[in-house]
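First the structure, in the form of structure tokens, and then the observations on it.
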Amino acid sequence: MRAQGEPVVSEYVFGPVIRDDGVLFRLWAPRCDTVSLELEGAAIREMERQPDGQFHLLVPEAKPGMRYRFHLPDGLVVPDPASRHQPEDVFGPSELVDLSHYRRPDPIWQGRPWADMVIYELHVGTFTEEGTFRAVIEKLDHLAGLGITAIQLMPIADFPGSRNWGYDGVLPYAPDSVYGRPDDLVALVEAAHQRGISVFLDVVYNHFGPSGNFMAAYAPLFSPHHQTPWGDGVNFDDEQSEMVRAFLIENALHWLEEYRIDGLRLDAVHAIRDDSKPHFLDELAMRVRQRLGDRHVHLIVENEENNPRLLERSGSDAPLFNAQWNDDIHHALHVATSGETFGYYGDYEEAGPALARALAEGFVFQGQVMSFSGETRGQPSGHISPVAFISFLHNHDQIGNRANGDRIMATLPEPALAFAAAIVLLSPQIPMLFMGEEWSSQRPFPYFCDFDEELNAAVRKGRRQELSKLPGFDGEHVLDPTSEDTFRSGILDWEAATSTPGTTWIDRYRQLITLRRERVAPLLPLMDQGGRYVLDGAAIRVEWPLNDGRSYILVANPTDGAVETHMESDLVDVVYAQGEHKPDGLGPWSLVFGIKQ
């Protein structure tokens with residue numbers, strides 16, 4: 001038993017602390033002189049102000065399950081910014097939750113090494129008809145049988161309304177109640193671990209959603225020091241920023257420790273502006289590594305700037321961040337197989353060379369000017385191991401940021417799609433699938449949200465303007481992102497998974513993932529840096545050197561026509577071959593992976 005008054009995690013400074021002598025309620029509100037606590041079944045009572053702007057109140061009779069909220073001097077009534085559960089959505093009271101009643105830490109499960117990863121991105125609300133954490137559990141056997149080793153949940157932090165992609169979250173500690181209770185998420189994580197599947201969570205630290213965020217009313221959450229696409233930037237380096245940083249770093253630790261989540265994907269880190277040292281990202285990663293160094297915990301970034309600094313390895317030291325989503329590989333494959341060159345895809349029009357460079361060196365743009373943006377992008381990345389890059393045919397952005405959320409890759413001719421799938425699953429980069437990809441689902445995944453009418457109207461207008469320059473946009477036929485029908489159109493078609501075409505594709509993916517596990521994954525620890533590539537007409541050859549003197553090699557024809565080449569003549573140990581192979585050339589969409597001694 002804990003000592004009298006001892007908190008469960010003493011260094012956490014946000015949210016209520018359940019103690020043996022009651023519950024200590026806390027709110028950081030430096031802009032307020034007074035704050036009062038409203039607790040279910042009790043009179044409103046004033047909290048004690050601390051010198052640092054924290055307000056405290058110990059309530060002996062408070063128990064898990066009770067609801068509470070805070071009253072500010074101007075009459076505003078707000079939930080706890082570190083609320084663990086919002087049963088009445090973001091505008092309602094918070095509920096006291098004690099996760100220790102549900103969590104059963106597994107002393108055996110310590111996660112999986114990064115080289116094992118085959119990631120599966122999913123949106124809880126559309127992954128199943130029920131749209132809940134519990135319903136995801138029912139599909140885990142399918143994923144385990146496929147060979148998936150990690151699921152990555154799109155953001156689940158509490159958002160306003162009944163449906164959202166998750167990037168409009170405003171209460172980052174609370175799993176959205178539309179998906180279930182906190183104990184349901186605990187059950188999902190435990191069920192995944194029982195099947196050998198890691199669980200990653202997408203978190204958003206670059207902005208807060210436009211509705212339901214009250215924290216800025218009583219604390220300096222934002223600062224005009226930096227501007228972002230969402231307005232004033234999060235206060236990472238201005239006055240009192242140390243508490244804002246602590247709020248978000250503790251949030252990362254909360255998911256990893258309290259729920260036993262195995263890793264985080266940090267959304268759009270290029271929009272996390274911080275001129276102080278250490279940078280917020282470095283501090284977050286260091287805190288995670290220090291606290292959880294005995295587990296396989298993985299940190300992933302989305303970084304539009306293609307800055308390799310966060311990914312660099314130093315000798316035997318593990319990197320602060322394991323990997324980055326690599327849009328360049330996606331874009332090159334997309335252009336090669338679909339022929340679409342609208343919008344930013346135009347910068348990848350020379351798809352063969354772009355694909356070869358992305359596979360060999362990580363980034364295609366390493367300081368060159370992108371025509372689409374008119375700005376330089378990226379830095380040299382060939383010195384970084386291939387496992388620092390995550391490749392994919394689909395993700396939520398590349399589907400959902402098309403006007404109608406269509407999966408253009410799923411409509412490709414079978415040879416082209418099979419070629420692209422083999423590239424992603426058998427190249428050294430860490431592969432990621434998007435839900436339903438394994439049966440070539442035709443179901444769209446459009447952007448959707450659910451705000452009040454005024455904000456819905458603004459979203460509809462802004463969405464049309466935003467997408468007007470992006471691939472797949474049709475100004476006359478844009479889905480209404482605020483409509484429930486739009487949301488329901490994206491619910492996954494599991495019935496298609498049992499059709500003959502669906503099972504055929506599932507078998508193909510299973511075989512490729514098995515081959516990756518048996519032949520490719522053992523090579524990854526031997527790859528300390530990127531590779532090199534050569535071109536022979538339309539054919540490409542990529543070599544990834546192994547530190548034992550061998551090389552892992554890909555020779556491919558990323559076109560729909562035959563090519564003449566002798567670039568595969570020295571491959572003896574063939575790992576996988578697809579398409580037509582002749583002594584003097586390759587047929588359309590043909591490739592071979594092999595090992596050269």
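Chain labels A, B, ... are given in the sequence in which chains occur in the structure tokens; within each chain residues are numbered consecutively from 1, and ligands are likewise numbered from 1 in the order shown.
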Problem - For Gly131 of chain A: contacts at 12 Å, only C-alpha atoms, fewer than 2 positions along chain excluded, given as a ChimeraX atom specification - result: /A:122-129,133-139,156,162-164,176-180,487-488,490-492
Exercise for the section: Identify, with DSSP run on backbone atoms, the residues in segment 508-584 of chain A assigned to strand (DSSP E or B), and express the list as a list in words. Expected result: Arg532, Tyr533, Val534, Leu535, Asp536, Ala539, Ile540, Arg541, Val542, Glu543, Trp544, Pro545, Ser551, Tyr552, Ile553, Leu554, Val555, Ala556, Val563, Glu564, Asp573, Val574, Val575, Tyr576, Ala577, Gln578, His581 and Lys582 of chain A
Handout entry: Pick from A:Arg289, A:His254, A:Arg181, A:Arg67, whichever lies nearest to Ala82 of chain A using only C-alpha atoms
Key = A:His254
Problem - Among the residues A:Glu437, A:Glu484, A:Asp328, A:Asp158, the one that comes closest to Gly502 of chain A [using only C-alpha atoms] - result: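 So, comparing all the options, the nearest one is A:Glu437.
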Practice task
Quick one: pull the distance between atom CA of Gly587 of chain A and atom CA of Leu426 of chain A, Å, one decimal.
Solution key: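 That distance, rounded to one decimal, is 19.4 Å.
Comparing A:Asp507, A:Glu190, A:Ala62, A:Phe25 by their smallest distance to Pro107 of chain A, the closest is A:Glu190 (using only C-alpha atoms).
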Problem - Option closest in space to Lys582 of chain A, from A:Asp397, A:Glu375, A:Glu568, A:Asp80 [counting only C-alpha atoms] - result: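 Ranked by minimum distance to Lys582 of chain A, first place goes to A:Glu568.
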Problem - Selected residue of minimal separation from Asn395 of chain A among A:Arg31, A:His296, A:Arg532, A:Arg407, counting only C-alpha atoms - result: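 The closest residue to Asn395 of chain A is A:Arg407.
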